[in-house]
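Peer 1: Pasting a structure below so you can have a look.
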Amino acid sequence: MVGVLYIEDNEDDILLMKMSLRGFGEVVGARSWEEARRLLAERRFDVVLLDYNLPGEDGLEVLNDILNSHRIPVIMVTGQGDEETATRAMKLGASDYIVKSVSSFSKIRKVIEDALERHRLEEEKRRLEEEIRRTNAELEKSNKFKDLLIDILHHDLMNPAGLAMSFAELIESSCDDSEVLEYVEIIKRNLAKIISLIEDVKELSKLENIRTLEKSRIKLTELWEKVLEEYSSLIGDREVSFIRDSDGSLVGNVILKEVLSNLLSNALKYSEEGTPITIRVWEEGGYTFTSIADLGEGVPDEYKQSIFNRFTRFDKAGVKGTGIGLAIVKRIVELHCGEVWVEDNSPRGAVFVVKLPKLPGEQS
């Protein structure tokens with residue numbers, strides 16, 4: 001049985017409501033807001049029916065009091081011609097409204113059922129939102145990666161970020177104020193970081209669900225050349241040496257290009273401008289290797305394993321990031337039955353090494 005509180009000063013209307021809901025709900029009448037307030041404090045109700053025209057009371061104020069004090073759906077009951085008032089009540093948060101009439105009372109069960117279902121869905125949404133907030137707080141404390149966060153990032157953040165970027169580009173194309181354009185460029189740069197993060201999380205999520213890859217004969221040297229071309233504007237005047245001891249031929253997937261991109265991005269990010277970067281490709285036995293060395297601060301021993309985990313990043317002043325790139329590197333290498341690790345460079349810095357079997361299915 002549905003517990004119904006009907007706030008109505010007319011006893012006949014209360015009786016009619018009880019008859020209309022016989023076998024469906026237990027109707028308790030309250031002839032004033034004061035009486036209703038007492039009943040709400042004493043017992044639990046599933047739904048409130050509220051007559052707008054209560055003597056000495058403003059129906060909308062009563063509605064607001066109920067919604068602020070109790071998580072319970074409220075259906076407004078109005079007299080003939082009060083639909084405009086009922087619409088105002090809906091905007092304040094009422095679940096629905098009915099106009100007093102014989103036909104309306106005959107439909108009240110369906111109105112209540114719909115209101116209860118909407119309330120259930122709203123409560124579920126509220127519960128999920130609260131769970132998301134708690135999960136995010138836990139993520140910050142435990143540095144764990146959750147599928148829920150992936151959904152939030154991809155579904156709830158990508159669209160507004162993309163829309164904001166579109167508006168920024170529109171302003172840029174129609175404005176000739178240099179100061180405004182400078183601000184727009186800052187906005188675009190930060191939006192690009194947000195979009196890149198979202199895409200990285202999405203990419204990592206997709207990779208974690210992949211078990212096998214389609215493979216063909218590829219050459220790491222050719223993939224490196226494409227990556228270096230794409231990063232040419234970021235490399236600028238940096239000295240990048242490319243040592244080709246072999247062509248890096250193996251049976252793999254071109255997704256390995258993402259490995260090289262992330263390693264180069266990492267080297268550029270964590271080493272100072274003006275310092276060289278060295279890329280090498282070579283073979284040993286049944287394996288193809290590639291490495292990238294920088295003269296940055298290097299990676300302390302305690303981080304050499306964990307930096308490949310999701311959302312782990314070695315802190316460096318002025319560098320912001322989430323560590324997702326290296327997690328992507330590790331996952332793609334794993335899909336090729338390979339290994340990736342980091343060593344100390346000499347005289348300083350880090351060397352990231354990737355070891356891949358030349359033939360599919362070989363284990364390292």
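Within each chain, counting starts at residue 1; across the structure tokens, chains are named A, B, ... in the order shown, with ligands numbered 1 upward in that order.
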Residues near Pro276 of chain A, anyone? I mean within 7 Å using only C-alpha atoms, not counting same-chain ones fewer than 6 positions away, as a CSV table (one decimal) with C-alpha atoms, in the first residue's frame.
Peer 2:
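Output below, filename part08.csv:
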chain,number,residue,atom,x,y,z
A,238,ARG,CA,66.0,20.5,-29.7
A,239,GLU,CA,68.7,18.2,-30.9
A,240,VAL,CA,67.2,14.8,-31.6
A,294,ASP,CA,67.0,12.3,-22.3
A,295,LEU,CA,69.1,14.5,-20.0
Peer 1: Name all residues at most 8 Å from Asp46 of chain A (count only C-alpha atoms; drop same-chain ones fewer than 6 positions away) and give them as a list in words.
Peer 2: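 Final neighbour list, sorted by chain and number: Val2, Gly3, Val4, Ile72, Pro73 and Leu116 of chain A.
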Peer 1: Keeping C-alpha atoms for every residue in the selection just given, could you write it to a file as a short mmCIF file (atom, residue, chain, number, x, y, z; two decimals), in the first residue's frame?
Peer 2:
data_model
loop_
_atom_site.label_atom_id
_atom_site.label_comp_id
_atom_site.auth_asym_id
_atom_site.auth_seq_id
_atom_site.Cartn_x
_atom_site.Cartn_y
_atom_site.Cartn_z
CA VAL A 2 1.18 3.47 -0.88
CA GLY A 3 1.26 5.92 2.01
CA VAL A 4 -0.51 9.12 0.89
CA ILE A 72 9.18 12.92 -1.02
CA PRO A 73 7.28 13.54 -4.27
CA LEU A 116 6.70 7.61 -7.57
#
Peer 1: Which polymer residues have any atom within 12 Å of an atom of Thr87 of chain A, counting only C-alpha atoms, with same-chain residues fewer than 6 positions away left out, as number ranges by chain?
Peer 2: A: 52, 60, 75-78, 81, 93-99
Peer 1: Would you please work out which residue, of A:Glu169, A:Asp51, A:Glu123, A:Glu199, is nearest to Thr85 of chain A when using only C-alpha atoms?
Peer 2: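 Comparing A:Glu169, A:Asp51, A:Glu123, A:Glu199 against Thr85 of chain A, the winner is A:Asp51.
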Peer 1: Using backbone DSSP assignments, extract all strand (DSSP E or B) residues from segment 6-123 of chain A; output them as an MDAnalysis selection string.
Peer 2: chainID A and resid 6:7 25:30 47:51 74:78 96:99
Peer 1: Please dump the current selection as a short mmCIF file (atom, residue, chain, number, x, y, z; two decimals), in the first residue's frame; keep C-alpha atoms.
Peer 2:
data_model
loop_
_atom_site.label_atom_id
_atom_site.label_comp_id
_atom_site.auth_asym_id
_atom_site.auth_seq_id
_atom_site.Cartn_x
_atom_site.Cartn_y
_atom_site.Cartn_z
CA TYR A 6 -3.46 14.58 1.41
CA ILE A 7 -3.21 18.17 2.61
CA GLY A 25 -3.02 3.55 -1.08
CA GLU A 26 -3.67 4.49 2.52
CA VAL A 27 -4.79 8.12 2.51
CA VAL A 28 -4.29 10.27 5.60
CA GLY A 29 -5.88 13.69 5.49
CA ALA A 30 -4.44 16.86 6.97
CA VAL A 47 3.72 10.80 -1.63
CA VAL A 48 2.06 14.09 -0.69
CA LEU A 49 -1.02 15.49 -2.40
CA LEU A 50 -1.13 19.23 -1.76
CA ASP A 51 -4.14 21.46 -2.30
CA VAL A 74 4.57 16.21 -4.08
CA ILE A 75 1.59 16.36 -6.43
CA MET A 76 -0.25 19.66 -6.54
CA VAL A 77 -4.06 19.57 -6.53
CA THR A 78 -5.64 22.71 -7.96
CA ASP A 96 2.96 16.57 -11.08
CA TYR A 97 -0.41 18.26 -10.70
CA ILE A 98 -4.07 17.45 -11.18
CA VAL A 99 -7.07 19.70 -11.54
#
Peer 1: May I ask which of the residues A:Arg37, A:Lys125, A:Arg88, A:Arg280 is the closest one to Ser69 of chain A, counting only C-alpha atoms?
Peer 2: A:Arg37
Peer 1: Could you please write out, as a ChimeraX atom specification, every residue of segment 19-94 of chain A that DSSP assigns to helix (DSSP H, G or I)?
Peer 2: /A:19-20,33-42,59-69,83-92
Peer 1: Measuring atom to atom with only C-alpha atoms, identify which of A:Gly349, A:Leu356, A:Val227, A:Ser261 is nearest to Phe289 of chain A.
Peer 2: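 Of A:Gly349, A:Leu356, A:Val227, A:Ser261, the one nearest Phe289 of chain A is A:Leu356, counting only C-alpha atoms.
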Peer 1: Just the residues within 10 Å of Ile235 of chain A, please, counting only C-alpha atoms, with nothing from its chain fewer than 3 positions along; format it as a PyMOL selection string.
Peer 2: chain A and resi 228-232+238-240+264-265+268+273-274+277
Peer 1: How about saving the chosen residues, N, CA and C atoms kept, as an mmCIF file, in the first residue's frame?
Peer 2:
data_model
loop_
_atom_site.group_PDB
_atom_site.id
_atom_site.type_symbol
_atom_site.label_atom_id
_atom_site.label_comp_id
_atom_site.auth_asym_id
_atom_site.auth_seq_id
_atom_site.Cartn_x
_atom_site.Cartn_y
_atom_site.Cartn_z
ATOM 1 N N LEU A 228 58.283 11.712 -35.358
ATOM 2 C CA LEU A 228 59.154 12.881 -35.343
ATOM 3 C C LEU A 228 58.619 13.994 -36.240
ATOM 4 N N GLU A 229 58.010 13.587 -37.345
ATOM 5 C CA GLU A 229 57.413 14.590 -38.235
ATOM 6 C C GLU A 229 56.228 15.271 -37.552
ATOM 7 N N GLU A 230 55.391 14.495 -36.872
ATOM 8 C CA GLU A 230 54.232 15.049 -36.197
ATOM 9 C C GLU A 230 54.632 15.960 -35.030
ATOM 10 N N TYR A 231 55.750 15.659 -34.393
ATOM 11 C CA TYR A 231 56.195 16.425 -33.229
ATOM 12 C C TYR A 231 57.196 17.524 -33.592
ATOM 13 N N SER A 232 57.399 17.761 -34.861
ATOM 14 C CA SER A 232 58.438 18.704 -35.281
ATOM 15 C C SER A 232 58.259 20.089 -34.674
ATOM 16 N N ARG A 238 65.362 21.597 -30.509
ATOM 17 C CA ARG A 238 65.968 20.516 -29.716
ATOM 18 C C ARG A 238 66.762 19.580 -30.624
ATOM 19 N N GLU A 239 67.900 19.144 -30.139
ATOM 20 C CA GLU A 239 68.723 18.196 -30.894
ATOM 21 C C GLU A 239 68.211 16.777 -30.637
ATOM 22 N N VAL A 240 67.705 16.152 -31.684
ATOM 23 C CA VAL A 240 67.205 14.780 -31.581
ATOM 24 C C VAL A 240 68.049 13.896 -32.485
ATOM 25 N N LEU A 264 58.246 9.951 -26.659
ATOM 26 C CA LEU A 264 58.842 11.207 -27.086
ATOM 27 C C LEU A 264 58.232 12.378 -26.316
ATOM 28 N N SER A 265 56.909 12.354 -26.157
ATOM 29 C CA SER A 265 56.236 13.406 -25.395
ATOM 30 C C SER A 265 56.773 13.461 -23.970
ATOM 31 N N LEU A 268 60.285 15.041 -23.943
ATOM 32 C CA LEU A 268 60.219 16.494 -24.129
ATOM 33 C C LEU A 268 59.717 17.185 -22.867
ATOM 34 N N GLU A 273 64.698 22.419 -22.130
ATOM 35 C CA GLU A 273 64.933 22.874 -23.487
ATOM 36 C C GLU A 273 66.432 23.051 -23.706
ATOM 37 N N GLY A 274 66.851 22.705 -24.913
ATOM 38 C CA GLY A 274 68.278 22.829 -25.226
ATOM 39 C C GLY A 274 69.066 21.566 -24.981
ATOM 40 N N ILE A 277 68.053 14.744 -27.120
ATOM 41 C CA ILE A 277 67.292 13.504 -26.948
ATOM 42 C C ILE A 277 67.835 12.514 -27.969
#
